[in-house]
$ cat target20.csv   # CSV, C-alpha atoms
chain,number,residue,atom,x,y,z
A,1,MET,CA,-15.2,6.6,-12.4
A,2,ASN,CA,-17.6,4.1,-13.7
A,3,ASP,CA,-16.6,3.8,-17.3
A,4,MET,CA,-13.9,4.8,-19.7
A,5,THR,CA,-15.5,7.8,-21.2
A,6,GLN,CA,-17.1,9.5,-18.2
A,7,GLY,CA,-17.2,13.3,-18.7
A,8,GLY,CA,-15.9,12.8,-22.2
A,9,SER,CA,-12.3,12.9,-21.0
A,10,HIS,CA,-9.7,10.2,-20.3
A,11,VAL,CA,-8.0,12.2,-17.5
A,12,HIS,CA,-9.5,12.9,-14.1
A,13,ARG,CA,-7.6,15.2,-11.7
A,14,ARG,CA,-7.5,15.2,-7.9
A,15,SER,CA,-9.1,18.3,-6.4
A,16,LYS,CA,-6.5,20.6,-4.9
A,17,GLY,CA,-5.8,20.0,-1.2
A,18,SER,CA,-8.3,17.2,-0.8
A,19,GLY,CA,-8.3,13.4,-1.0
A,20,ARG,CA,-11.0,13.5,-3.7
A,21,TRP,CA,-11.0,13.1,-7.4
A,22,GLU,CA,-13.1,15.2,-9.8
A,23,GLY,CA,-15.9,13.1,-11.3
A,24,VAL,CA,-15.5,10.3,-8.7
A,25,ASP,CA,-18.2,9.9,-6.1
A,26,CYS,CA,-17.1,9.8,-2.5
A,27,LEU,CA,-19.1,6.9,-1.0
A,28,PRO,CA,-19.9,5.4,2.4
A,29,TYR,CA,-17.3,2.7,3.2
A,30,LYS,CA,-19.9,0.0,3.1
A,31,GLU,CA,-23.6,-0.7,3.3
A,32,ASP,CA,-23.5,-3.7,5.6
A,33,GLU,CA,-25.0,-2.5,8.9
A,34,LYS,CA,-23.5,-5.4,10.9
A,35,ALA,CA,-19.9,-4.5,10.0
A,36,ARG,CA,-18.1,-2.6,12.6
A,37,PHE,CA,-16.0,0.3,11.2
A,38,LYS,CA,-15.3,4.0,11.9
A,39,ALA,CA,-14.6,7.2,9.9
A,40,ILE,CA,-13.7,5.8,6.5
A,41,SER,CA,-14.7,6.8,3.0
A,42,ARG,CA,-14.5,5.0,-0.4
A,43,GLN,CA,-13.9,6.2,-3.9
A,44,VAL,CA,-14.0,3.8,-6.9
A,45,LEU,CA,-11.2,5.2,-9.1
A,46,PHE,CA,-11.6,2.6,-11.9
A,47,SER,CA,-14.5,0.3,-12.5
A,48,ASP,CA,-15.1,-0.7,-16.1
A,49,PRO,CA,-16.5,-3.6,-18.1
A,50,ALA,CA,-13.1,-3.9,-19.9
A,51,LEU,CA,-11.3,-4.5,-16.6
A,52,ALA,CA,-11.4,-7.7,-14.5
A,53,ALA,CA,-10.5,-5.7,-11.4
A,54,GLU,CA,-11.4,-2.5,-9.7
A,55,LEU,CA,-9.2,0.1,-8.1
A,56,ARG,CA,-10.7,1.8,-5.1
A,57,PHE,CA,-9.3,4.5,-2.8
A,58,PHE,CA,-10.1,4.4,0.9
A,59,GLU,CA,-9.4,7.2,3.4
A,60,VAL,CA,-9.5,6.5,7.1
A,61,ALA,CA,-9.8,9.5,9.3
A,62,PRO,CA,-7.5,9.7,12.4
A,63,GLY,CA,-8.6,7.1,14.9
A,64,GLY,CA,-10.8,5.4,12.3
A,65,PHE,CA,-10.6,1.8,11.0
A,66,SER,CA,-12.0,-0.5,8.4
A,67,SER,CA,-14.1,-3.6,9.3
A,68,LEU,CA,-12.3,-6.7,10.5
A,69,GLU,CA,-13.2,-9.3,7.9
A,70,ARG,CA,-12.1,-12.1,5.7
A,71,HIS,CA,-13.2,-13.5,2.3
A,72,GLN,CA,-12.2,-15.7,-0.6
A,73,HIS,CA,-11.1,-12.8,-2.7
A,74,ALA,CA,-7.6,-11.2,-2.3
A,75,HIS,CA,-6.7,-7.6,-1.8
A,76,ALA,CA,-3.7,-5.7,-3.2
A,77,VAL,CA,-3.1,-2.5,-1.2
A,78,LEU,CA,-0.8,0.5,-1.8
A,79,VAL,CA,-0.6,3.2,0.9
A,80,LEU,CA,-0.8,6.7,-0.7
A,81,HIS,CA,-0.6,8.9,2.4
A,82,GLY,CA,-0.6,8.9,6.1
A,83,ARG,CA,0.4,6.4,8.7
A,84,GLY,CA,-1.4,3.6,10.6
A,85,GLN,CA,-1.4,-0.1,11.2
A,86,CYS,CA,-2.8,-3.2,9.6
A,87,LEU,CA,-3.6,-6.7,10.8
A,88,ILE,CA,-3.1,-9.3,8.1
A,89,GLY,CA,-3.7,-12.8,9.5
A,90,ARG,CA,-1.8,-12.7,12.8
A,91,GLU,CA,0.7,-10.1,11.6
A,92,VAL,CA,0.3,-6.5,13.0
A,93,ARG,CA,2.4,-4.0,10.9
A,94,HIS,CA,3.0,-0.3,10.8
A,95,LEU,CA,2.1,1.4,7.6
A,96,GLN,CA,3.7,4.3,5.8
A,97,PRO,CA,3.3,5.9,2.4
A,98,HIS,CA,4.1,3.5,-0.6
A,99,ASP,CA,3.9,0.3,1.5
A,100,LEU,CA,2.5,-2.6,-0.5
A,101,VAL,CA,0.2,-4.9,1.4
A,102,THR,CA,-1.2,-8.3,0.2
A,103,VAL,CA,-4.2,-9.8,1.8
A,104,PRO,CA,-4.4,-13.5,0.7
A,105,PRO,CA,-7.8,-15.4,0.5
A,106,TRP,CA,-9.5,-16.2,3.9
A,107,THR,CA,-7.2,-14.0,5.9
A,108,TRP,CA,-8.5,-11.7,8.7
A,109,HIS,CA,-7.6,-8.1,8.0
A,110,GLN,CA,-8.2,-4.6,9.3
A,111,PHE,CA,-6.7,-1.2,8.5
A,112,ARG,CA,-6.4,1.5,11.2
A,113,ALA,CA,-5.3,5.1,10.8
A,114,GLY,CA,-3.0,6.6,13.5
A,115,THR,CA,-4.2,9.5,15.6
A,116,GLU,CA,-2.4,12.3,13.8
A,117,GLU,CA,-3.4,12.1,10.1
A,118,PRO,CA,-5.7,10.3,7.8
A,119,LEU,CA,-4.6,7.0,6.2
A,120,GLY,CA,-5.3,6.9,2.4
A,121,PHE,CA,-4.7,3.7,0.5
A,122,LEU,CA,-5.5,2.1,-2.9
A,123,CYS,CA,-7.1,-1.4,-3.0
A,124,MET,CA,-7.3,-3.6,-6.0
A,125,VAL,CA,-9.9,-6.4,-6.1
A,126,ASN,CA,-11.4,-8.7,-8.6
A,127,VAL,CA,-14.8,-7.5,-10.0
A,128,ASP,CA,-16.2,-11.0,-9.4
A,129,ARG,CA,-15.8,-11.5,-5.6
A,130,ASP,CA,-17.6,-13.0,-2.6
A,131,ARG,CA,-19.1,-11.1,0.3
A,132,PRO,CA,-16.9,-10.5,3.4
A,133,GLN,CA,-17.3,-12.7,6.4
A,134,LEU,CA,-17.4,-11.0,9.8
A,135,PRO,CA,-15.7,-12.6,12.9
A,136,SER,CA,-17.8,-14.6,15.3
A,137,ASP,CA,-17.3,-14.1,19.1
A,138,GLU,CA,-15.1,-17.2,19.0
A,139,ASP,CA,-13.0,-15.8,16.1
A,140,LEU,CA,-12.5,-12.6,18.1
A,141,ALA,CA,-11.5,-14.4,21.2
A,142,ASN,CA,-9.1,-16.5,19.2
A,143,LEU,CA,-7.5,-13.4,17.7
A,144,ARG,CA,-7.4,-11.5,21.0
A,145,ALA,CA,-5.5,-14.3,22.7
A,146,ASP,CA,-2.5,-12.8,21.0
A,147,PRO,CA,-1.5,-9.6,23.0
A,148,SER,CA,-0.3,-7.7,20.0
A,149,ILE,CA,-3.5,-8.4,18.2
A,150,ALA,CA,-5.6,-7.5,21.3
A,151,ALA,CA,-3.7,-4.2,21.5
A,152,PHE,CA,-4.3,-3.6,17.8
A,153,LEU,CA,-8.1,-4.4,18.1
A,154,ARG,CA,-8.6,-2.1,21.1
A,155,ASP,CA,-11.4,0.4,20.3
A,156,PRO,CA,-10.5,4.0,20.9
B,1,MET,CA,5.9,-9.2,-6.0
B,2,ASN,CA,4.9,-12.4,-7.6
B,3,ASP,CA,2.7,-14.1,-5.0
B,4,MET,CA,1.0,-13.3,-1.8
B,5,THR,CA,3.6,-14.7,0.6
B,6,GLN,CA,6.9,-13.6,-1.0
B,7,GLY,CA,9.5,-13.2,1.7
B,8,GLY,CA,7.1,-14.5,4.3
B,9,SER,CA,5.6,-11.1,4.9
B,10,HIS,CA,2.4,-9.4,3.7
B,11,VAL,CA,4.0,-5.9,3.7
B,12,HIS,CA,6.7,-4.6,1.3
B,13,ARG,CA,8.2,-1.2,1.9
B,14,ARG,CA,9.6,1.2,-0.7
B,15,SER,CA,13.3,1.8,-0.3
B,16,LYS,CA,14.1,5.2,1.1
B,17,GLY,CA,14.7,7.9,-1.4
B,18,SER,CA,14.2,5.7,-4.4
B,19,GLY,CA,11.3,4.7,-6.7
B,20,ARG,CA,11.9,1.0,-6.0
B,21,TRP,CA,10.2,-1.4,-3.6
B,22,GLU,CA,12.0,-4.0,-1.5
B,23,GLY,CA,11.4,-7.5,-2.9
B,24,VAL,CA,10.1,-6.3,-6.2
B,25,ASP,CA,12.3,-6.7,-9.3
B,26,CYS,CA,13.1,-3.7,-11.4
B,27,LEU,CA,12.6,-4.9,-15.0
B,28,PRO,CA,13.2,-3.6,-18.5
B,29,TYR,CA,10.1,-1.8,-19.8
B,30,LYS,CA,9.4,-4.5,-22.4
B,31,GLU,CA,11.1,-7.2,-24.4
B,32,ASP,CA,9.7,-6.4,-27.8
B,33,GLU,CA,12.7,-5.1,-29.8
B,34,LYS,CA,10.5,-3.4,-32.4
B,35,ALA,CA,8.8,-1.2,-29.9
B,36,ARG,CA,10.2,2.3,-29.8
B,37,PHE,CA,10.6,3.6,-26.2
B,38,LYS,CA,13.2,5.4,-24.1
B,39,ALA,CA,14.4,5.5,-20.5
B,40,ILE,CA,11.6,3.6,-18.7
B,41,SER,CA,11.6,0.9,-16.1
B,42,ARG,CA,8.9,-1.5,-14.9
B,43,GLN,CA,8.1,-3.0,-11.5
B,44,VAL,CA,5.2,-5.5,-11.1
B,45,LEU,CA,3.8,-4.6,-7.7
B,46,PHE,CA,1.1,-7.2,-7.6
B,47,SER,CA,0.7,-10.3,-9.7
B,48,ASP,CA,-1.0,-13.2,-8.1
B,49,PRO,CA,-3.1,-16.2,-9.2
B,50,ALA,CA,-5.8,-14.9,-6.8
B,51,LEU,CA,-6.1,-11.6,-8.7
B,52,ALA,CA,-7.6,-11.2,-12.2
B,53,ALA,CA,-5.5,-8.0,-12.8
B,54,GLU,CA,-1.9,-6.9,-12.2
B,55,LEU,CA,-0.7,-3.6,-10.8
B,56,ARG,CA,2.6,-2.4,-12.3
B,57,PHE,CA,4.7,0.7,-11.6
B,58,PHE,CA,6.5,2.4,-14.5
B,59,GLU,CA,9.1,5.1,-14.1
B,60,VAL,CA,10.0,7.2,-17.1
B,61,ALA,CA,13.2,9.2,-16.7
B,62,PRO,CA,13.2,12.9,-17.8
B,63,GLY,CA,12.9,13.0,-21.6
B,64,GLY,CA,11.8,9.3,-21.7
B,65,PHE,CA,8.7,7.8,-23.1
B,66,SER,CA,6.7,4.6,-23.3
B,67,SER,CA,6.0,3.0,-26.7
B,68,LEU,CA,3.1,4.3,-28.8
B,69,GLU,CA,0.7,1.3,-29.0
B,70,ARG,CA,-2.8,0.1,-28.9
B,71,HIS,CA,-4.5,-3.2,-27.9
B,72,GLN,CA,-7.8,-4.8,-27.0
B,73,HIS,CA,-7.1,-4.6,-23.3
B,74,ALA,CA,-7.7,-1.5,-21.2
B,75,HIS,CA,-5.3,0.4,-18.9
B,76,ALA,CA,-6.2,2.2,-15.7
B,77,VAL,CA,-3.4,4.6,-14.8
B,78,LEU,CA,-2.7,6.7,-11.6
B,79,VAL,CA,0.2,9.1,-11.6
B,80,LEU,CA,2.2,8.8,-8.4
B,81,HIS,CA,4.9,11.4,-9.0
B,82,GLY,CA,6.4,13.8,-11.5
B,83,ARG,CA,4.9,15.6,-14.5
B,84,GLY,CA,4.6,14.8,-18.2
B,85,GLN,CA,2.1,14.4,-20.9
B,86,CYS,CA,0.1,11.5,-22.4
B,87,LEU,CA,-1.6,10.9,-25.7
B,88,ILE,CA,-4.9,9.0,-25.4
B,89,GLY,CA,-6.6,8.5,-28.7
B,90,ARG,CA,-6.3,12.0,-30.2
B,91,GLU,CA,-6.2,13.8,-26.8
B,92,VAL,CA,-2.9,15.2,-25.5
B,93,ARG,CA,-3.0,16.0,-21.8
B,94,HIS,CA,-0.6,17.3,-19.2
B,95,LEU,CA,-0.1,14.9,-16.2
B,96,GLN,CA,0.5,15.7,-12.6
B,97,PRO,CA,0.5,13.6,-9.4
B,98,HIS,CA,-2.8,11.8,-8.6
B,99,ASP,CA,-4.2,12.2,-12.1
B,100,LEU,CA,-6.3,9.2,-13.2
B,101,VAL,CA,-6.0,8.2,-16.8
B,102,THR,CA,-8.2,5.6,-18.6
B,103,VAL,CA,-7.0,4.0,-21.8
B,104,PRO,CA,-10.0,2.3,-23.5
B,105,PRO,CA,-9.6,-0.7,-25.8
B,106,TRP,CA,-7.9,-0.1,-29.2
B,107,THR,CA,-6.8,3.4,-28.4
B,108,TRP,CA,-3.4,4.7,-29.3
B,109,HIS,CA,-1.5,5.9,-26.2
B,110,GLN,CA,1.9,7.0,-25.1
B,111,PHE,CA,3.3,8.5,-21.8
B,112,ARG,CA,6.1,11.0,-21.8
B,113,ALA,CA,8.0,12.4,-18.9
B,114,GLY,CA,8.8,16.1,-18.8
B,115,THR,CA,12.5,17.3,-18.9
B,116,GLU,CA,12.8,18.1,-15.2
B,117,GLU,CA,11.9,15.0,-13.2
B,118,PRO,CA,10.9,11.4,-13.6
B,119,LEU,CA,7.3,10.5,-14.2
B,120,GLY,CA,6.1,7.6,-12.1
B,121,PHE,CA,2.7,5.9,-12.6
B,122,LEU,CA,0.7,2.9,-11.6
B,123,CYS,CA,-1.0,0.9,-14.3
B,124,MET,CA,-3.7,-1.8,-13.8
B,125,VAL,CA,-4.3,-4.4,-16.5
B,126,ASN,CA,-6.1,-7.7,-16.8
B,127,VAL,CA,-3.9,-10.7,-16.4
B,128,ASP,CA,-5.4,-12.2,-19.6
B,129,ARG,CA,-4.6,-9.7,-22.3
B,130,ASP,CA,-3.5,-9.4,-25.9
B,131,ARG,CA,-0.2,-8.2,-27.2
B,132,PRO,CA,0.1,-4.5,-28.1
B,133,GLN,CA,0.0,-3.4,-31.7
B,134,LEU,CA,2.5,-0.9,-33.0
B,135,PRO,CA,1.6,1.9,-35.4
B,136,SER,CA,2.2,1.5,-39.1
B,137,ASP,CA,3.6,4.3,-41.2
B,138,GLU,CA,0.1,5.1,-42.2
B,139,ASP,CA,-1.1,5.2,-38.6
B,140,LEU,CA,1.7,7.5,-37.7
B,141,ALA,CA,1.0,9.9,-40.6
B,142,ASN,CA,-2.6,9.9,-39.6
B,143,LEU,CA,-1.8,10.8,-36.0
B,144,ARG,CA,0.8,13.4,-37.1
B,145,ALA,CA,-1.7,15.2,-39.2
B,146,ASP,CA,-2.9,16.8,-36.0
B,147,PRO,CA,-0.3,19.5,-35.0
B,148,SER,CA,-0.8,18.9,-31.3
B,149,ILE,CA,-0.2,15.2,-31.7
B,150,ALA,CA,2.8,15.9,-34.0
B,151,ALA,CA,4.3,18.1,-31.3
B,152,PHE,CA,3.7,15.5,-28.7
B,153,LEU,CA,5.3,12.7,-30.8
B,154,ARG,CA,8.5,14.7,-31.6
B,155,ASP,CA,11.5,12.9,-30.5
B,156,PRO,CA,14.0,14.7,-28.3

$ encode --input "target20.csv" --output "structure tokens"
Amino acid sequence: MNDMTQGGSHVHRRSKGSGRWEGVDCLPYKEDEKARFKAISRQVLFSDPALAAELRFFEVAPGGFSSLERHQHAHAVLVLHGRGQCLIGREVRHLQPHDLVTVPPWTWHQFRAGTEEPLGFLCMVNVDRDRPQLPSDEDLANLRADPSIAAFLRDP
Amino acid sequence: MNDMTQGGSHVHRRSKGSGRWEGVDCLPYKEDEKARFKAISRQVLFSDPALAAELRFFEVAPGGFSSLERHQHAHAVLVLHGRGQCLIGREVRHLQPHDLVTVPPWTWHQFRAGTEEPLGFLCMVNVDRDRPQLPSDEDLANLRADPSIAAFLRDP
């Protein structure tokens, strides 16, 4: 929701049986056409002038993934449901509900849902933040030199 | 966790069957001896110099409650598990998993677990924030003038 008094109430409920909250827009993952991603939606749960950070909820459909990117700003991620994998720097990790994931500044990262169920996670970021940087061909080759990262980055 | 590289990993898992995360300290709710609260613990999930906000997890045992307070800084709350009630300003609301709750600046607020199960919620706050203000006898009388607030504030 975009301010503290939207809809006149201080409480917003999640719609039954869905990954969507009442009064919260379900948005495209991002607007950058150059970024490569698949089957992912974004809801901004909290964004308010009184808060220095935002809390967003991303849902990645089975087989989907976020864009591979890095930036100055940090991410703080909490998995709410589903399973999948993430790449953080050169670390490939399985994800399950309630996992905490930190993405430090200037660290390549990507989130991928498994094939069975959607992966839903919260992501906290500073309001003031830089734009993501996408990998060059050289960056990709460098990452893919590691077999576990190459396997992670395979496209379905 | 207190920085982005604690324990050398970027992923921290929740211990099986508990409300606690590995590598995250379970702390007293607060240090202020004047604040009135009951049966509540605090875990700081994300606190890092790169982030302008913190994400904390509070768990209120059945029958427990957070302190009734207000302050300049805002809260953004997401219920992870359990049921209970909250007071936000003069609004008393039931809580269930995935509810979003906004606490605007200078708004009296309190969270109470029901009698059956613990209430667990995330709370995002700015790193730079003021100290909470506790209610005076006059503030309490003013709140209790509303029967639904009086019923909410009853002590067990």

$ residues_near_point --input "target20.csv" --point "(5.8, 7.8, -22.0)" --cutoff "10 Å" --atoms "only C-alpha atoms" --output "ChimeraX atom specification"
/B:37-40,58-68,84-87,109-114,119-120

$ residues_around --input "target20.csv" --residues "stretch 88-93 of chain B" --least-positions-apart "4" --cutoff "12 Å" --atoms "all atoms listed in the file" --output "JSON, numbers by chain"
{"A": [4, 5, 8, 9, 10, 11, 12, 13], "B": [68, 69, 70, 71, 74, 75, 76, 77, 83, 84, 99, 100, 101, 102, 103, 104, 105, 106, 107, 108, 109, 110, 111, 112, 113, 139, 140, 142, 143, 144, 145, 146, 147, 148, 149, 150, 151, 152, 153]}

$ atom_distance --input "target20.csv" --atom1 "atom CA of B:Glu116" --atom2 "atom CA of B:Ser18"
16.5 Å

$ atom_distance --input "target20.csv" --atom1 "atom CA of A:Leu134" --atom2 "atom CA of A:Pro28"
18.2 Å

$ closest_residue --input "target20.csv" --among "B:Gly23, B:Gly82, B:Pro135, B:Pro118" --to "chain A" --atoms "only C-alpha atoms"
B:Gly23

$ atom_distance --input "target20.csv" --atom1 "atom CA of B:His81" --atom2 "atom CA of B:Leu95"
9.4 Å

$ residues_around --input "target20.csv" --residues "A:Ala53" --least-positions-apart "3" --cutoff "6 Å" --atoms "only C-alpha atoms" --output "list in words"
Val125, Asn126 and Val127 of chain A; Ala53 of chain B

$ closest_residue --input "target20.csv" --among "B:Arg36, B:His94, B:Arg14, B:Arg20" --to "B:Asp155" --atoms "all atoms listed in the file"
B:Arg36

$ closest_residue --input "target20.csv" --among "A:Leu78, A:His73, A:Pro97, A:Trp21" --to "B:Ala52" --atoms "all atoms listed in the file"
A:His73

$ closest_residue --input "target20.csv" --among "B:Gly19, B:Asp128, B:Glu138, B:Leu51" --to "B:Leu80" --atoms "all atoms listed in the file"
B:Gly19

$ closest_residue --input "target20.csv" --among "B:Lys30, B:Arg129, B:Glu117, B:Asp25" --to "chain A" --atoms "all atoms listed in the file"
B:Arg129

$ decode --input "target20.csv" --residues "stretch 56-154 of chain A" --atoms "C-alpha atoms" --output "PDB file, in the first residue's frame"
ATOM      1  CA  ARG A  56       7.878  -5.745  -1.365  1.00  0.00           C
ATOM      2  CA  PHE A  57       6.480  -9.224  -2.023  1.00  0.00           C
ATOM      3  CA  PHE A  58       7.585 -11.106  -5.134  1.00  0.00           C
ATOM      4  CA  GLU A  59       5.971 -14.261  -6.402  1.00  0.00           C
ATOM      5  CA  VAL A  60       7.848 -16.349  -8.943  1.00  0.00           C
ATOM      6  CA  ALA A  61       5.741 -18.932 -10.799  1.00  0.00           C
ATOM      7  CA  PRO A  62       7.114 -22.506 -11.155  1.00  0.00           C
ATOM      8  CA  GLY A  63      10.060 -22.359 -13.554  1.00  0.00           C
ATOM      9  CA  GLY A  64      10.264 -18.565 -13.317  1.00  0.00           C
ATOM     10  CA  PHE A  65      13.169 -16.417 -12.196  1.00  0.00           C
ATOM     11  CA  SER A  66      14.109 -12.853 -11.271  1.00  0.00           C
ATOM     12  CA  SER A  67      16.699 -10.961 -13.290  1.00  0.00           C
ATOM     13  CA  LEU A  68      20.381 -11.600 -12.668  1.00  0.00           C
ATOM     14  CA  GLU A  69      21.675  -8.248 -11.446  1.00  0.00           C
ATOM     15  CA  ARG A  70      23.783  -6.340  -8.937  1.00  0.00           C
ATOM     16  CA  HIS A  71      23.706  -2.830  -7.452  1.00  0.00           C
ATOM     17  CA  GLN A  72      25.006  -0.648  -4.655  1.00  0.00           C
ATOM     18  CA  HIS A  73      21.909  -1.135  -2.489  1.00  0.00           C
ATOM     19  CA  ALA A  74      21.403  -4.211  -0.325  1.00  0.00           C
ATOM     20  CA  HIS A  75      18.455  -6.616  -0.161  1.00  0.00           C
ATOM     21  CA  ALA A  76      17.045  -8.356   2.892  1.00  0.00           C
ATOM     22  CA  VAL A  77      14.868 -11.305   1.830  1.00  0.00           C
ATOM     23  CA  LEU A  78      12.533 -13.605   3.774  1.00  0.00           C
ATOM     24  CA  VAL A  79      10.926 -16.563   1.982  1.00  0.00           C
ATOM     25  CA  LEU A  80       7.208 -16.796   2.751  1.00  0.00           C
ATOM     26  CA  HIS A  81       6.258 -19.870   0.724  1.00  0.00           C
ATOM     27  CA  GLY A  82       7.483 -22.344  -1.842  1.00  0.00           C
ATOM     28  CA  ARG A  83      10.874 -23.691  -2.722  1.00  0.00           C
ATOM     29  CA  GLY A  84      13.576 -22.734  -5.151  1.00  0.00           C
ATOM     30  CA  GLN A  85      17.159 -21.640  -5.382  1.00  0.00           C
ATOM     31  CA  CYS A  86      19.119 -18.440  -5.228  1.00  0.00           C
ATOM     32  CA  LEU A  87      22.486 -17.283  -6.444  1.00  0.00           C
ATOM     33  CA  ILE A  88      24.178 -14.774  -4.103  1.00  0.00           C
ATOM     34  CA  GLY A  89      27.662 -13.872  -5.286  1.00  0.00           C
ATOM     35  CA  ARG A  90      29.109 -17.287  -6.122  1.00  0.00           C
ATOM     36  CA  GLU A  91      26.907 -19.170  -3.645  1.00  0.00           C
ATOM     37  CA  VAL A  92      24.001 -21.284  -4.994  1.00  0.00           C
ATOM     38  CA  ARG A  93      21.540 -22.196  -2.230  1.00  0.00           C
ATOM     39  CA  HIS A  94      18.265 -24.046  -1.914  1.00  0.00           C
ATOM     40  CA  LEU A  95      15.429 -22.008  -0.464  1.00  0.00           C
ATOM     41  CA  GLN A  96      12.538 -23.020   1.756  1.00  0.00           C
ATOM     42  CA  PRO A  97       9.919 -21.112   3.736  1.00  0.00           C
ATOM     43  CA  HIS A  98      11.298 -18.731   6.409  1.00  0.00           C
ATOM     44  CA  ASP A  99      14.849 -18.681   5.027  1.00  0.00           C
ATOM     45  CA  LEU A 100      16.560 -15.306   5.463  1.00  0.00           C
ATOM     46  CA  VAL A 101      18.758 -14.181   2.586  1.00  0.00           C
ATOM     47  CA  THR A 102      21.083 -11.187   2.602  1.00  0.00           C
ATOM     48  CA  VAL A 103      22.290  -9.662  -0.651  1.00  0.00           C
ATOM     49  CA  PRO A 104      25.240  -7.349   0.088  1.00  0.00           C
ATOM     50  CA  PRO A 105      26.093  -4.365  -2.134  1.00  0.00           C
ATOM     51  CA  TRP A 106      27.508  -5.135  -5.613  1.00  0.00           C
ATOM     52  CA  THR A 107      26.720  -8.852  -5.397  1.00  0.00           C
ATOM     53  CA  TRP A 108      25.274 -10.756  -8.374  1.00  0.00           C
ATOM     54  CA  HIS A 109      21.982 -12.367  -7.398  1.00  0.00           C
ATOM     55  CA  GLN A 110      19.025 -14.196  -8.868  1.00  0.00           C
ATOM     56  CA  PHE A 111      16.038 -16.063  -7.408  1.00  0.00           C
ATOM     57  CA  ARG A 112      14.491 -19.076  -9.146  1.00  0.00           C
ATOM     58  CA  ALA A 113      11.339 -21.007  -8.267  1.00  0.00           C
ATOM     59  CA  GLY A 114      11.393 -24.792  -8.439  1.00  0.00           C
ATOM     60  CA  THR A 115       9.195 -26.600 -10.951  1.00  0.00           C
ATOM     61  CA  GLU A 116       6.454 -27.632  -8.528  1.00  0.00           C
ATOM     62  CA  GLU A 117       5.167 -24.525  -6.777  1.00  0.00           C
ATOM     63  CA  PRO A 118       5.496 -20.749  -6.790  1.00  0.00           C
ATOM     64  CA  LEU A 119       8.235 -19.145  -4.703  1.00  0.00           C
ATOM     65  CA  GLY A 120       7.009 -16.159  -2.680  1.00  0.00           C
ATOM     66  CA  PHE A 121       9.396 -13.897  -0.805  1.00  0.00           C
ATOM     67  CA  LEU A 122       9.541 -10.548   0.963  1.00  0.00           C
ATOM     68  CA  CYS A 123      12.321  -8.131   0.037  1.00  0.00           C
ATOM     69  CA  MET A 124      13.279  -5.057   2.070  1.00  0.00           C
ATOM     70  CA  VAL A 125      15.177  -2.258   0.282  1.00  0.00           C
ATOM     71  CA  ASN A 126      16.074   1.341   1.004  1.00  0.00           C
ATOM     72  CA  VAL A 127      13.770   3.897  -0.590  1.00  0.00           C
ATOM     73  CA  ASP A 128      16.815   5.758  -1.931  1.00  0.00           C
ATOM     74  CA  ARG A 129      18.617   3.272  -4.113  1.00  0.00           C
ATOM     75  CA  ASP A 130      20.538   2.975  -7.361  1.00  0.00           C
ATOM     76  CA  ARG A 131      19.389   1.221 -10.524  1.00  0.00           C
ATOM     77  CA  PRO A 132      20.418  -2.417 -11.003  1.00  0.00           C
ATOM     78  CA  GLN A 133      23.315  -3.281 -13.280  1.00  0.00           C
ATOM     79  CA  LEU A 134      22.849  -6.221 -15.687  1.00  0.00           C
ATOM     80  CA  PRO A 135      25.693  -8.656 -16.460  1.00  0.00           C
ATOM     81  CA  SER A 136      27.886  -8.149 -19.522  1.00  0.00           C
ATOM     82  CA  ASP A 137      28.795 -11.155 -21.692  1.00  0.00           C
ATOM     83  CA  GLU A 138      32.113 -11.203 -19.859  1.00  0.00           C
ATOM     84  CA  ASP A 139      30.377 -11.196 -16.443  1.00  0.00           C
ATOM     85  CA  LEU A 140      28.195 -14.109 -17.564  1.00  0.00           C
ATOM     86  CA  ALA A 141      31.146 -16.099 -18.886  1.00  0.00           C
ATOM     87  CA  ASN A 142      32.936 -15.482 -15.618  1.00  0.00           C
ATOM     88  CA  LEU A 143      29.970 -16.727 -13.580  1.00  0.00           C
ATOM     89  CA  ARG A 144      29.365 -19.724 -15.861  1.00  0.00           C
ATOM     90  CA  ALA A 145      32.969 -20.851 -15.412  1.00  0.00           C
ATOM     91  CA  ASP A 146      31.715 -22.317 -12.135  1.00  0.00           C
ATOM     92  CA  PRO A 147      29.735 -25.509 -12.999  1.00  0.00           C
ATOM     93  CA  SER A 148      27.259 -25.086 -10.121  1.00  0.00           C
ATOM     94  CA  ILE A 149      26.506 -21.517 -11.231  1.00  0.00           C
ATOM     95  CA  ALA A 150      26.253 -22.643 -14.880  1.00  0.00           C
ATOM     96  CA  ALA A 151      23.702 -25.284 -13.802  1.00  0.00           C
ATOM     97  CA  PHE A 152      21.788 -22.689 -11.797  1.00  0.00           C
ATOM     98  CA  LEU A 153      21.719 -20.219 -14.710  1.00  0.00           C
ATOM     99  CA  ARG A 154      20.498 -22.752 -17.276  1.00  0.00           C
TER     100      ARG A 154
END
